[in-house]
Amino acid sequence: MNLRGKGIKIFSGNSNPEVAAQIAKKLGLPVGKSEVKAFSDGEISVEIGESVRGYDVFVVQSTCQPVNDHLMELLIMIDAFKRASAARITAVIPYFGYARQDRKARARDPISAKLCADILTAAGADRVLTMDLHAAQIQGFFDIPVDHLLGVPILAPYFGVKFQHCREDIVVVSPDLGSVTRARKFAERLDAPLAIVDKRRPRANVSEVMNIIGDVKDKTVILVDDMIDTAGTLCNGAQAILEKGGAREVYACATHGVLSGPALERLCASCIKEVVLLDTIPIPPEKKPEKITLLSCAPVFAEAVARIYEEKPVSPLFI
């Protein structure tokens with residue numbers, strides 16, 4: 001079988017059709033004809049409106065809120081393409097839900113990220129293309145190839161241009177110990193020093209800042225994380241950086257804007273001057289505050305899709 005297929009076809013679920021359209025446009029292709037809807041009882045129905053026999057199919061779907069509906073859509077679409085004789089099926093998942101459930105934190109906990117990896121493989125996915133998994137080792141949960149793209153190559157140049165005349169005043173800060181590697185790569189791109197917020201979590205979605213490791217006094221700080229969920233960690237860290245560290249101003253960036261619960265209200269009321277996110281998770285224009293800037297992830301995904309189809313290495317996208 002020719003694994004490259006006759007050509008590329010891009011399809012989209014309901015979670016992020018704008019990104020799918022942008023990826024297809026970058027590749028000079030239309031978005032494939034498909035319809036994903038629900039019956040009155042909630043069951044998901046998928047209709048593929050064109051032949052995919054022998055094609056390299058890429059299904060774009062973030063498993064964001066409502067997570068279970070979007071995950072089920074993706075699984076059913078993959079099954080439909082497999083039964084329609086696609087040559088190869090790649091699940092393009094800009095945001096991979098359940099990624100934070102990657103280990104047993106307590107007795108009798110499930111490892112839901114591993115379960116999601118198994119069911120994606122069982123559904124018929126031949127490959128997964130995703131961005132900034134919460135824990136990079138989740139790649140090992142899959143028995144199929146996983147291309148793990150990074151948001152830093154998109155986010156860092158934005159701040160590089162924004163602060164091109166005052167680079168010496170920038171300090172990149174990791175909001176916790178788990179994000180140090182990501183923040184270090186970000187700092188290397190801007191040739192800036194690194195600091196770390198030392199915190200503890202008394203319970204889920206609650207954090208307390210204990211100390212600031214590094215010098216941020218009178219500096220412009222950029223907080224770097226993989227995702228912003230309820231924004232409690234980010235806002236508490238930003239406040240501590242100003243009050244305990246003596247920073248001049250604080251900016252923040254992350255790949256995924258989950259923004260659940262009171263996140264938008266917290267960000268708007270916080271001391272953070274600007275929050276830069278990628279559009280891996282859509283934010284309706286009417287709900288997006290002026291403080292939030294959205295950057296497109298489509299160019300990087302489009303390049304990765306082209307490289308996968310042409311059997312070229314994806315690693316140059318990480319440089």
# chains A, B, ... in the order shown; residues from 1 in each chain; ligands from 1
$ closest_atom_pairs --of "region 135-194 of chain A" --to "region 84-100 of chain A" --cutoff "9 Å" --atoms "only C-alpha atoms" --output "JSON lines"
{"residue": "A:Ala135", "atom": "CA", "partner": "A:Ala99", "partner_atom": "CA", "distance": 7.0}
{"residue": "A:Ile138", "atom": "CA", "partner": "A:Ala99", "partner_atom": "CA", "distance": 7.5}
{"residue": "A:Leu149", "atom": "CA", "partner": "A:Pro94", "partner_atom": "CA", "distance": 8.9}
$ write_last_selection --atoms "C-alpha atoms" --output "PDB file, in the first residue's frame"
ATOM      1  CA  ALA A 135       3.164  16.070  30.070  1.00  0.00           C
ATOM      2  CA  ILE A 138       2.029  11.079  27.158  1.00  0.00           C
ATOM      3  CA  LEU A 149       4.517  20.355  18.244  1.00  0.00           C
TER       4      LEU A 149
END
$ select_by_dssp --residues "region 75-179 of chain A" --states "helix (DSSP H, G or I)" --output "CSV table (one decimal) with all heavy atoms, in the first residue's frame"
chain,number,residue,atom,x,y,z
A,75,LEU,N,-13.6,10.2,17.4
A,75,LEU,CA,-13.5,8.8,17.3
A,75,LEU,C,-14.4,8.2,16.2
A,75,LEU,O,-14.0,7.4,15.4
A,75,LEU,CB,-13.9,8.1,18.6
A,75,LEU,CG,-13.0,8.4,19.8
A,75,LEU,CD1,-13.6,7.9,21.1
A,75,LEU,CD2,-11.6,7.8,19.6
A,76,ILE,N,-15.6,8.8,16.1
A,76,ILE,CA,-16.6,8.3,15.1
A,76,ILE,C,-16.1,8.7,13.7
A,76,ILE,O,-16.2,8.0,12.7
A,76,ILE,CB,-18.0,8.8,15.4
A,76,ILE,CG1,-18.5,8.2,16.7
A,76,ILE,CG2,-18.9,8.5,14.3
A,76,ILE,CD1,-19.8,8.7,17.2
A,77,MET,N,-15.5,9.9,13.6
A,77,MET,CA,-15.0,10.4,12.3
A,77,MET,C,-13.9,9.5,11.8
A,77,MET,O,-13.8,9.1,10.7
A,77,MET,CB,-14.5,11.8,12.4
A,77,MET,CG,-15.7,12.8,12.5
A,77,MET,SD,-15.1,14.5,12.4
A,77,MET,CE,-14.8,14.7,10.6
A,78,ILE,N,-13.0,9.1,12.8
A,78,ILE,CA,-11.8,8.2,12.4
A,78,ILE,C,-12.4,6.9,12.0
A,78,ILE,O,-11.9,6.3,10.9
A,78,ILE,CB,-10.9,8.1,13.6
A,78,ILE,CG1,-10.1,9.4,13.9
A,78,ILE,CG2,-9.9,6.9,13.4
A,78,ILE,CD1,-9.4,9.4,15.2
A,79,ASP,N,-13.4,6.4,12.7
A,79,ASP,CA,-13.9,5.1,12.3
A,79,ASP,C,-14.6,5.1,10.9
A,79,ASP,O,-14.4,4.2,10.1
A,79,ASP,CB,-15.0,4.6,13.3
A,79,ASP,CG,-15.6,3.3,13.0
A,79,ASP,OD1,-14.9,2.3,13.2
A,79,ASP,OD2,-16.8,3.3,12.5
A,80,ALA,N,-15.3,6.3,10.6
A,80,ALA,CA,-15.9,6.4,9.3
A,80,ALA,C,-14.8,6.5,8.2
A,80,ALA,O,-15.0,5.8,7.1
A,80,ALA,CB,-16.7,7.7,9.3
A,81,PHE,N,-13.7,7.2,8.4
A,81,PHE,CA,-12.7,7.2,7.4
A,81,PHE,C,-12.0,5.9,7.2
A,81,PHE,O,-11.6,5.5,6.1
A,81,PHE,CB,-11.6,8.3,7.7
A,81,PHE,CG,-12.2,9.7,7.7
A,81,PHE,CD1,-12.1,10.5,8.8
A,81,PHE,CD2,-12.8,10.2,6.5
A,81,PHE,CE1,-12.6,11.8,8.7
A,81,PHE,CE2,-13.3,11.4,6.4
A,81,PHE,CZ,-13.2,12.3,7.5
A,82,LYS,N,-11.8,5.1,8.3
A,82,LYS,CA,-11.2,3.8,8.2
A,82,LYS,C,-12.1,2.9,7.4
A,82,LYS,O,-11.6,2.2,6.5
A,82,LYS,CB,-11.0,3.2,9.6
A,82,LYS,CG,-10.3,1.9,9.6
A,82,LYS,CD,-10.1,1.3,11.0
A,82,LYS,CE,-11.4,1.0,11.7
A,82,LYS,NZ,-11.2,0.3,13.0
A,83,ARG,N,-13.4,2.9,7.6
A,83,ARG,CA,-14.3,2.1,6.9
A,83,ARG,C,-14.5,2.5,5.4
A,83,ARG,O,-15.0,1.8,4.6
A,83,ARG,CB,-15.7,2.0,7.6
A,83,ARG,CG,-15.6,1.4,9.0
A,83,ARG,CD,-16.9,1.4,9.7
A,83,ARG,NE,-16.7,0.9,11.1
A,83,ARG,CZ,-16.6,-0.4,11.5
A,83,ARG,NH1,-16.7,-1.3,10.6
A,83,ARG,NH2,-16.4,-0.7,12.7
A,112,SER,N,-6.5,8.5,32.7
A,112,SER,CA,-7.4,8.8,31.6
A,112,SER,C,-6.7,9.1,30.3
A,112,SER,O,-7.2,8.8,29.2
A,112,SER,CB,-8.4,9.9,32.0
A,112,SER,OG,-9.1,9.5,33.2
A,113,ALA,N,-5.5,9.7,30.4
A,113,ALA,CA,-4.8,10.1,29.2
A,113,ALA,C,-4.4,8.8,28.4
A,113,ALA,O,-4.4,8.8,27.2
A,113,ALA,CB,-3.5,10.9,29.5
A,114,LYS,N,-4.0,7.8,29.2
A,114,LYS,CA,-3.7,6.5,28.6
A,114,LYS,C,-4.9,5.9,27.9
A,114,LYS,O,-4.8,5.3,26.8
A,114,LYS,CB,-3.0,5.6,29.6
A,114,LYS,CG,-2.9,4.1,29.2
A,114,LYS,CD,-2.0,3.9,28.0
A,114,LYS,CE,-1.8,2.4,27.7
A,114,LYS,NZ,-1.2,2.2,26.4
A,115,LEU,N,-6.0,6.0,28.6
A,115,LEU,CA,-7.3,5.4,28.0
A,115,LEU,C,-7.6,6.1,26.7
A,115,LEU,O,-8.0,5.5,25.8
A,115,LEU,CB,-8.4,5.6,29.1
A,115,LEU,CG,-9.8,5.2,28.6
A,115,LEU,CD1,-9.8,3.7,28.3
A,115,LEU,CD2,-10.9,5.5,29.7
A,116,CYS,N,-7.5,7.4,26.7
A,116,CYS,CA,-7.8,8.2,25.5
A,116,CYS,C,-6.9,7.8,24.3
A,116,CYS,O,-7.3,7.6,23.2
A,116,CYS,CB,-7.7,9.7,25.7
A,116,CYS,SG,-9.0,10.4,26.7
A,117,ALA,N,-5.6,7.6,24.7
A,117,ALA,CA,-4.6,7.1,23.7
A,117,ALA,C,-5.0,5.7,23.1
A,117,ALA,O,-5.0,5.5,21.9
A,117,ALA,CB,-3.2,7.0,24.3
A,118,ASP,N,-5.5,4.9,24.0
A,118,ASP,CA,-5.9,3.5,23.5
A,118,ASP,C,-7.1,3.6,22.6
A,118,ASP,O,-7.2,2.9,21.6
A,118,ASP,CB,-6.1,2.6,24.7
A,118,ASP,CG,-4.9,2.2,25.5
A,118,ASP,OD1,-3.8,2.4,24.9
A,118,ASP,OD2,-5.0,1.8,26.7
A,119,ILE,N,-8.1,4.4,23.0
A,119,ILE,CA,-9.3,4.4,22.2
A,119,ILE,C,-9.1,5.1,20.8
A,119,ILE,O,-9.8,4.7,19.9
A,119,ILE,CB,-10.5,4.9,23.0
A,119,ILE,CG1,-10.3,6.4,23.4
A,119,ILE,CG2,-10.9,4.1,24.1
A,119,ILE,CD1,-11.5,7.0,24.2
A,120,LEU,N,-8.2,6.1,20.8
A,120,LEU,CA,-7.9,6.7,19.5
A,120,LEU,C,-7.3,5.7,18.6
A,120,LEU,O,-7.6,5.6,17.4
A,120,LEU,CB,-7.0,7.9,19.7
A,120,LEU,CG,-7.7,9.2,20.2
A,120,LEU,CD1,-6.6,10.2,20.7
A,120,LEU,CD2,-8.5,9.8,19.0
A,121,THR,N,-6.4,4.9,19.1
A,121,THR,CA,-5.7,3.8,18.3
A,121,THR,C,-6.7,2.8,17.9
A,121,THR,O,-6.7,2.4,16.7
A,121,THR,CB,-4.6,3.2,19.1
A,121,THR,OG1,-3.7,4.2,19.6
A,121,THR,CG2,-3.8,2.2,18.3
A,122,ALA,N,-7.6,2.4,18.8
A,122,ALA,CA,-8.6,1.3,18.5
A,122,ALA,C,-9.6,1.8,17.5
A,122,ALA,O,-10.1,1.0,16.6
A,122,ALA,CB,-9.3,0.9,19.8
A,123,ALA,N,-9.9,3.1,17.4
A,123,ALA,CA,-10.8,3.7,16.5
A,123,ALA,C,-10.2,3.6,15.1
A,123,ALA,O,-11.0,3.6,14.1
A,123,ALA,CB,-11.1,5.1,16.8
A,136,ALA,N,4.9,15.7,28.4
A,136,ALA,CA,5.4,15.2,27.1
A,136,ALA,C,5.5,13.7,27.1
A,136,ALA,O,5.4,13.1,26.0
A,136,ALA,CB,6.8,15.8,26.9
A,137,GLN,N,5.6,13.0,28.2
A,137,GLN,CA,5.7,11.6,28.2
A,137,GLN,C,4.4,10.9,27.8
A,137,GLN,O,4.3,9.7,27.6
A,137,GLN,CB,6.1,11.1,29.6
A,137,GLN,CG,5.2,11.4,30.8
A,137,GLN,CD,5.6,12.7,31.5
A,137,GLN,OE1,6.2,13.6,30.9
A,137,GLN,NE2,5.3,12.8,32.7
A,138,ILE,N,3.3,11.6,27.7
A,138,ILE,CA,2.0,11.1,27.2
A,138,ILE,C,2.2,10.5,25.8
A,138,ILE,O,1.5,9.6,25.4
A,138,ILE,CB,0.9,12.1,27.2
A,138,ILE,CG1,0.5,12.5,28.6
A,138,ILE,CG2,-0.3,11.7,26.4
A,138,ILE,CD1,-0.4,13.6,28.7
A,139,GLN,N,3.2,11.0,25.0
A,139,GLN,CA,3.5,10.4,23.7
A,139,GLN,C,3.8,8.9,23.8
A,139,GLN,O,3.4,8.1,22.9
A,139,GLN,CB,4.8,11.0,23.1
A,139,GLN,CG,4.7,12.5,22.8
A,139,GLN,CD,6.0,13.1,22.5
A,139,GLN,OE1,6.4,13.1,21.3
A,139,GLN,NE2,6.7,13.7,23.4
A,140,GLY,N,4.3,8.5,25.0
A,140,GLY,CA,4.6,7.1,25.2
A,140,GLY,C,3.3,6.2,25.5
A,140,GLY,O,3.4,5.0,25.5
A,141,PHE,N,2.2,6.9,25.7
A,141,PHE,CA,1.0,6.2,26.0
A,141,PHE,C,0.4,5.6,24.7
A,141,PHE,O,-0.4,4.7,24.7
A,141,PHE,CB,-0.1,7.1,26.6
A,141,PHE,CG,0.2,7.5,28.0
A,141,PHE,CD1,-0.7,8.4,28.6
A,141,PHE,CD2,1.3,7.0,28.7
A,141,PHE,CE1,-0.4,8.8,29.9
A,141,PHE,CE2,1.5,7.4,30.0
A,141,PHE,CZ,0.7,8.3,30.6
A,152,VAL,N,6.0,27.4,21.8
A,152,VAL,CA,7.0,28.4,22.0
A,152,VAL,C,7.5,29.1,20.7
A,152,VAL,O,7.7,30.3,20.7
A,152,VAL,CB,8.2,27.8,22.8
A,152,VAL,CG1,9.4,28.7,22.8
A,152,VAL,CG2,7.7,27.5,24.3
A,153,PRO,N,7.7,28.3,19.6
A,153,PRO,CA,8.2,29.0,18.4
A,153,PRO,C,7.2,30.0,17.8
A,153,PRO,O,7.5,30.8,16.9
A,153,PRO,CB,8.4,27.8,17.5
A,153,PRO,CG,8.6,26.6,18.3
A,153,PRO,CD,7.7,26.8,19.5
A,154,ILE,N,5.9,29.9,18.3
A,154,ILE,CA,4.9,30.9,17.8
A,154,ILE,C,4.9,32.1,18.8
A,154,ILE,O,4.8,33.3,18.4
A,154,ILE,CB,3.5,30.3,17.7
A,154,ILE,CG1,3.6,29.1,16.7
A,154,ILE,CG2,2.5,31.3,17.1
A,154,ILE,CD1,2.3,28.3,16.7
A,155,LEU,N,4.9,31.8,20.1
A,155,LEU,CA,4.7,32.8,21.1
A,155,LEU,C,5.9,33.7,21.3
A,155,LEU,O,5.8,34.9,21.5
A,155,LEU,CB,4.3,32.1,22.5
A,155,LEU,CG,3.0,31.4,22.5
A,155,LEU,CD1,2.9,30.4,23.7
A,155,LEU,CD2,1.8,32.4,22.5
A,156,ALA,N,7.1,33.0,21.3
A,156,ALA,CA,8.3,33.8,21.6
A,156,ALA,C,8.6,34.9,20.6
A,156,ALA,O,8.9,36.1,21.0
A,156,ALA,CB,9.5,32.9,21.7
A,157,PRO,N,8.4,34.7,19.3
A,157,PRO,CA,8.7,35.8,18.3
A,157,PRO,C,7.7,37.0,18.5
A,157,PRO,O,8.1,38.1,18.3
A,157,PRO,CB,8.4,35.1,17.0
A,157,PRO,CG,8.7,33.7,17.2
A,157,PRO,CD,8.3,33.4,18.6
A,158,TYR,N,6.5,36.7,19.0
A,158,TYR,CA,5.6,37.8,19.3
A,158,TYR,C,6.1,38.8,20.3
A,158,TYR,O,6.1,40.0,20.1
A,158,TYR,CB,4.2,37.2,19.7
A,158,TYR,CG,3.2,38.3,20.2
A,158,TYR,CD1,2.4,38.9,19.2
A,158,TYR,CD2,3.1,38.7,21.5
A,158,TYR,CE1,1.5,39.9,19.6
A,158,TYR,CE2,2.2,39.7,21.9
A,158,TYR,CZ,1.4,40.3,20.9
A,158,TYR,OH,0.5,41.3,21.3
A,159,PHE,N,6.7,38.2,21.4
A,159,PHE,CA,7.2,39.1,22.4
A,159,PHE,C,8.6,39.6,22.0
A,159,PHE,O,9.0,40.7,22.4
A,159,PHE,CB,7.4,38.3,23.7
A,159,PHE,CG,6.1,38.1,24.4
A,159,PHE,CD1,5.4,36.9,24.3
A,159,PHE,CD2,5.5,39.1,25.2
A,159,PHE,CE1,4.2,36.7,24.9
A,159,PHE,CE2,4.3,38.9,25.8
A,159,PHE,CZ,3.6,37.7,25.7
A,160,GLY,N,9.3,38.9,21.1
A,160,GLY,CA,10.6,39.4,20.6
A,160,GLY,C,10.4,40.7,19.8
A,160,GLY,O,11.2,41.6,20.0
A,161,VAL,N,9.3,40.7,19.1
A,161,VAL,CA,9.0,41.9,18.3
A,161,VAL,C,8.5,43.0,19.2
A,161,VAL,O,8.9,44.2,19.1
A,161,VAL,CB,8.0,41.6,17.2
A,161,VAL,CG1,7.6,42.9,16.5
A,161,VAL,CG2,8.6,40.7,16.2
A,162,LYS,N,7.6,42.6,20.2
A,162,LYS,CA,7.0,43.6,21.1
A,162,LYS,C,8.0,44.3,21.9
A,162,LYS,O,7.9,45.5,22.2
A,162,LYS,CB,6.0,42.9,22.0
A,162,LYS,CG,5.1,43.8,22.8
A,162,LYS,CD,4.1,43.0,23.6
A,162,LYS,CE,3.2,43.9,24.4
A,162,LYS,NZ,2.2,44.5,23.6
A,167,ARG,N,15.0,44.5,25.3
A,167,ARG,CA,15.2,43.1,25.6
A,167,ARG,C,15.9,42.9,26.9
A,167,ARG,O,15.7,41.9,27.6
A,167,ARG,CB,16.1,42.4,24.5
A,167,ARG,CG,15.4,42.2,23.1
A,167,ARG,CD,14.5,41.0,23.1
A,167,ARG,NE,14.0,40.7,21.8
A,167,ARG,CZ,14.5,39.9,20.9
A,167,ARG,NH1,15.6,39.2,21.3
A,167,ARG,NH2,13.9,39.7,19.8
A,168,GLU,N,16.8,43.8,27.3
A,168,GLU,CA,17.6,43.6,28.5
A,168,GLU,C,16.7,43.7,29.8
A,168,GLU,O,17.2,43.4,30.9
A,168,GLU,CB,18.7,44.7,28.6
A,168,GLU,CG,18.3,46.1,28.7
A,168,GLU,CD,17.8,46.8,27.4
A,168,GLU,OE1,17.9,46.1,26.3
A,168,GLU,OE2,17.4,47.9,27.4
A,169,ASP,N,15.5,44.2,29.6
A,169,ASP,CA,14.6,44.4,30.8
A,169,ASP,C,13.7,43.2,31.0
A,169,ASP,O,12.9,43.2,31.9
A,169,ASP,CB,13.8,45.7,30.7
A,169,ASP,CG,14.6,46.9,30.8
A,169,ASP,OD1,15.7,46.9,31.4
A,169,ASP,OD2,14.2,48.0,30.2
A,177,LEU,N,7.2,24.7,39.0
A,177,LEU,CA,8.3,23.8,38.7
A,177,LEU,C,8.1,23.0,37.5
A,177,LEU,O,9.0,22.7,36.7
A,177,LEU,CB,8.7,23.0,39.9
A,177,LEU,CG,9.2,23.7,41.2
A,177,LEU,CD1,9.4,22.7,42.3
A,177,LEU,CD2,10.5,24.5,40.9
A,178,GLY,N,6.8,22.6,37.2
A,178,GLY,CA,6.5,21.7,36.1
A,178,GLY,C,6.7,22.4,34.8
A,178,GLY,O,6.8,21.7,33.7
A,179,SER,N,6.7,23.7,34.7
A,179,SER,CA,6.8,24.4,33.4
A,179,SER,C,8.2,25.0,33.2
A,179,SER,O,8.4,25.8,32.3
A,179,SER,CB,5.8,25.5,33.4
A,179,SER,OG,4.5,25.0,33.5
$ atom_distance --atom1 "CA of Phe39 (chain A)" --atom2 "CA of Ile23 (chain A)"
29.1 Å
$ select_by_dssp --residues "region 30-267 of chain A" --states "strand (DSSP E)" --output "PyMOL selection string"
chain A and resi 34-38+44-48+56-60+88-93+127-131+146-149+170-174+194-203+206-213+220-228+249-257
$ residues_around --residues "Cys235 (chain A)" --least-positions-apart "5" --cutoff "12 Å" --atoms "only C-alpha atoms" --output "PyMOL selection string"
chain A and resi 175+197+206-209+223+228-230+240-242+250-252+262-275
$ atom_distance --atom1 "CA of Asp176 (chain A)" --atom2 "CA of Ala247 (chain A)"
17.4 Å
$ residues_around --residues "Lys185 (chain A)" --least-positions-apart "3" --cutoff "10 Å" --atoms "only C-alpha atoms" --output "PyMOL selection string"
chain A and resi 152-153+156+172+180-182+188-191+194
$ write_last_selection --atoms "all heavy atoms" --output "tab-separated table (two decimals), in the first residue's frame"
chain	number	residue	atom	x	y	z
A	152	VAL	N	5.95	27.40	21.82
A	152	VAL	CA	6.99	28.41	22.04
A	152	VAL	C	7.48	29.06	20.74
A	152	VAL	O	7.66	30.28	20.70
A	152	VAL	CB	8.17	27.80	22.83
A	152	VAL	CG1	9.39	28.72	22.81
A	152	VAL	CG2	7.74	27.53	24.27
A	153	PRO	N	7.70	28.31	19.64
A	153	PRO	CA	8.16	28.95	18.41
A	153	PRO	C	7.17	29.96	17.82
A	153	PRO	O	7.54	30.75	16.94
A	153	PRO	CB	8.35	27.77	17.45
A	153	PRO	CG	8.60	26.60	18.34
A	153	PRO	CD	7.73	26.84	19.52
A	156	ALA	N	7.10	33.04	21.34
A	156	ALA	CA	8.32	33.81	21.63
A	156	ALA	C	8.58	34.92	20.61
A	156	ALA	O	8.91	36.05	21.00
A	156	ALA	CB	9.52	32.87	21.73
A	172	VAL	N	11.90	35.98	31.88
A	172	VAL	CA	10.89	34.95	31.64
A	172	VAL	C	10.70	34.17	32.95
A	172	VAL	O	11.67	33.78	33.59
A	172	VAL	CB	11.32	34.00	30.51
A	172	VAL	CG1	10.34	32.86	30.36
A	172	VAL	CG2	11.45	34.79	29.20
A	180	VAL	N	9.19	24.58	33.99
A	180	VAL	CA	10.53	25.16	33.87
A	180	VAL	C	11.16	24.89	32.51
A	180	VAL	O	11.75	25.79	31.90
A	180	VAL	CB	11.45	24.63	35.00
A	180	VAL	CG1	12.89	25.03	34.76
A	180	VAL	CG2	10.98	25.16	36.35
A	181	THR	N	11.05	23.66	32.01
A	181	THR	CA	11.66	23.33	30.72
A	181	THR	C	11.08	24.20	29.60
A	181	THR	O	11.81	24.73	28.76
A	181	THR	CB	11.44	21.84	30.38
A	181	THR	OG1	12.02	21.04	31.41
A	181	THR	CG2	12.08	21.49	29.05
A	182	ARG	N	9.76	24.35	29.60
A	182	ARG	CA	9.10	25.18	28.59
A	182	ARG	C	9.56	26.63	28.69
A	182	ARG	O	9.87	27.29	27.70
A	182	ARG	CB	7.59	25.08	28.76
A	182	ARG	CG	6.77	25.85	27.74
A	182	ARG	CD	5.30	25.66	27.97
A	182	ARG	NE	4.91	24.27	27.79
A	182	ARG	CZ	4.67	23.42	28.79
A	182	ARG	NH1	4.79	23.81	30.04
A	182	ARG	NH2	4.32	22.16	28.55
A	188	GLU	N	15.52	31.15	26.21
A	188	GLU	CA	16.65	31.01	25.28
A	188	GLU	C	16.37	31.71	23.97
A	188	GLU	O	17.26	32.33	23.37
A	188	GLU	CB	16.94	29.52	25.05
A	188	GLU	CG	17.59	28.83	26.24
A	188	GLU	CD	17.69	27.33	26.05
A	188	GLU	OE1	17.17	26.82	25.02
A	188	GLU	OE2	18.27	26.65	26.92
A	189	ARG	N	15.12	31.67	23.51
A	189	ARG	CA	14.78	32.32	22.24
A	189	ARG	C	14.86	33.84	22.36
A	189	ARG	O	15.14	34.52	21.38
A	189	ARG	CB	13.36	31.91	21.82
A	189	ARG	CG	13.29	30.52	21.20
A	189	ARG	CD	11.87	30.17	20.81
A	189	ARG	NE	11.86	28.94	20.04
A	189	ARG	CZ	11.93	28.85	18.72
A	189	ARG	NH1	12.02	29.96	18.00
A	189	ARG	NH2	11.92	27.69	18.09
A	190	LEU	N	14.58	34.37	23.57
A	190	LEU	CA	14.65	35.82	23.76
A	190	LEU	C	15.97	36.26	24.37
A	190	LEU	O	16.16	37.46	24.61
A	190	LEU	CB	13.49	36.26	24.68
A	190	LEU	CG	12.07	36.05	24.14
A	190	LEU	CD1	11.04	36.56	25.16
A	190	LEU	CD2	11.87	36.74	22.80
A	191	ASP	N	16.85	35.28	24.64
A	191	ASP	CA	18.13	35.57	25.29
A	191	ASP	C	17.89	36.34	26.59
A	191	ASP	O	18.51	37.37	26.87
A	191	ASP	CB	19.04	36.38	24.37
A	191	ASP	CG	20.48	36.41	24.87
A	191	ASP	OD1	20.85	35.51	25.64
A	191	ASP	OD2	21.22	37.36	24.52
A	194	LEU	N	15.93	33.60	33.46
A	194	LEU	CA	14.78	32.78	33.87
A	194	LEU	C	14.57	32.89	35.38
A	194	LEU	O	15.53	32.91	36.15
A	194	LEU	CB	15.02	31.32	33.49
A	194	LEU	CG	13.95	30.30	33.88
A	194	LEU	CD1	12.67	30.52	33.08
A	194	LEU	CD2	14.47	28.87	33.65
$ closest_residue --among "A:Met72, A:Leu277, A:Ala195, A:Cys253" --to "Ser45 (chain A)" --atoms "only C-alpha atoms"
A:Met72
$ residues_around --residues "Ala302 (chain A)" --least-positions-apart "5" --cutoff "8 Å" --atoms "only C-alpha atoms" --output "VMD selection string"
chain A and resid 23 to 24 26 to 27
$ write_last_selection --atoms "N, CA and C atoms" --output "mmCIF file, in the first residue's frame"
data_model
loop_
_atom_site.group_PDB
_atom_site.id
_atom_site.type_symbol
_atom_site.label_atom_id
_atom_site.label_comp_id
_atom_site.auth_asym_id
_atom_site.auth_seq_id
_atom_site.Cartn_x
_atom_site.Cartn_y
_atom_site.Cartn_z
ATOM 1 N N ILE A 23 -5.691 25.791 8.217
ATOM 2 C CA ILE A 23 -4.707 24.783 7.814
ATOM 3 C C ILE A 23 -4.903 24.422 6.349
ATOM 4 N N ALA A 24 -6.153 24.170 5.969
ATOM 5 C CA ALA A 24 -6.450 23.815 4.590
ATOM 6 C C ALA A 24 -6.059 24.941 3.631
ATOM 7 N N LYS A 26 -3.716 27.206 4.052
ATOM 8 C CA LYS A 26 -2.256 27.252 3.941
ATOM 9 C C LYS A 26 -1.735 26.195 2.965
ATOM 10 N N LEU A 27 -2.452 25.085 2.875
ATOM 11 C CA LEU A 27 -2.038 23.989 2.000
ATOM 12 C C LEU A 27 -2.657 24.117 0.609
#
$ residues_around --residues "Leu29 (chain A)" --least-positions-apart "6" --cutoff "10 Å" --atoms "only C-alpha atoms" --output "number ranges by chain"
A: 8-10, 21-23
$ write_last_selection --atoms "all heavy atoms" --output "mmCIF file, in the first residue's frame"
data_model
loop_
_atom_site.group_PDB
_atom_site.id
_atom_site.type_symbol
_atom_site.label_atom_id
_atom_site.label_comp_id
_atom_site.auth_asym_id
_atom_site.auth_seq_id
_atom_site.Cartn_x
_atom_site.Cartn_y
_atom_site.Cartn_z
ATOM 1 N N ILE A 8 -3.751 14.765 -0.050
ATOM 2 C CA ILE A 8 -4.173 15.141 1.302
ATOM 3 C C ILE A 8 -5.638 15.572 1.288
ATOM 4 O O ILE A 8 -6.070 16.290 0.382
ATOM 5 C CB ILE A 8 -3.315 16.310 1.832
ATOM 6 C CG1 ILE A 8 -1.837 15.923 1.889
ATOM 7 C CG2 ILE A 8 -3.798 16.761 3.203
ATOM 8 C CD1 ILE A 8 -0.928 17.080 2.269
ATOM 9 N N LYS A 9 -6.374 15.157 2.296
ATOM 10 C CA LYS A 9 -7.721 15.682 2.525
ATOM 11 C C LYS A 9 -7.828 16.105 3.995
ATOM 12 O O LYS A 9 -7.474 15.339 4.891
ATOM 13 C CB LYS A 9 -8.792 14.667 2.164
ATOM 14 C CG LYS A 9 -8.920 14.451 0.657
ATOM 15 C CD LYS A 9 -10.278 13.942 0.253
ATOM 16 C CE LYS A 9 -10.395 13.894 -1.276
ATOM 17 N NZ LYS A 9 -11.762 13.513 -1.721
ATOM 18 N N ILE A 10 -8.296 17.335 4.190
ATOM 19 C CA ILE A 10 -8.449 17.892 5.533
ATOM 20 C C ILE A 10 -9.923 17.891 5.904
ATOM 21 O O ILE A 10 -10.757 18.427 5.149
ATOM 22 C CB ILE A 10 -7.907 19.342 5.605
ATOM 23 C CG1 ILE A 10 -6.479 19.433 5.053
ATOM 24 C CG2 ILE A 10 -7.988 19.877 7.035
ATOM 25 C CD1 ILE A 10 -5.432 18.764 5.890
ATOM 26 N N ALA A 21 -9.951 25.253 8.733
ATOM 27 C CA ALA A 21 -10.043 26.042 7.501
ATOM 28 C C ALA A 21 -8.731 26.758 7.207
ATOM 29 O O ALA A 21 -8.291 26.848 6.050
ATOM 30 C CB ALA A 21 -11.188 27.047 7.614
ATOM 31 N N GLN A 22 -8.074 27.269 8.254
ATOM 32 C CA GLN A 22 -6.797 27.964 8.067
ATOM 33 C C GLN A 22 -5.700 26.996 7.631
ATOM 34 O O GLN A 22 -4.861 27.332 6.779
ATOM 35 C CB GLN A 22 -6.396 28.673 9.356
ATOM 36 C CG GLN A 22 -7.277 29.857 9.718
ATOM 37 C CD GLN A 22 -6.974 30.388 11.103
ATOM 38 O OE1 GLN A 22 -5.854 30.266 11.596
ATOM 39 N NE2 GLN A 22 -7.958 30.978 11.735
ATOM 40 N N ILE A 23 -5.691 25.791 8.217
ATOM 41 C CA ILE A 23 -4.707 24.783 7.814
ATOM 42 C C ILE A 23 -4.903 24.422 6.349
ATOM 43 O O ILE A 23 -3.950 24.360 5.563
ATOM 44 C CB ILE A 23 -4.821 23.529 8.707
ATOM 45 C CG1 ILE A 23 -4.386 23.849 10.145
ATOM 46 C CG2 ILE A 23 -3.971 22.383 8.148
ATOM 47 C CD1 ILE A 23 -4.648 22.732 11.132
#
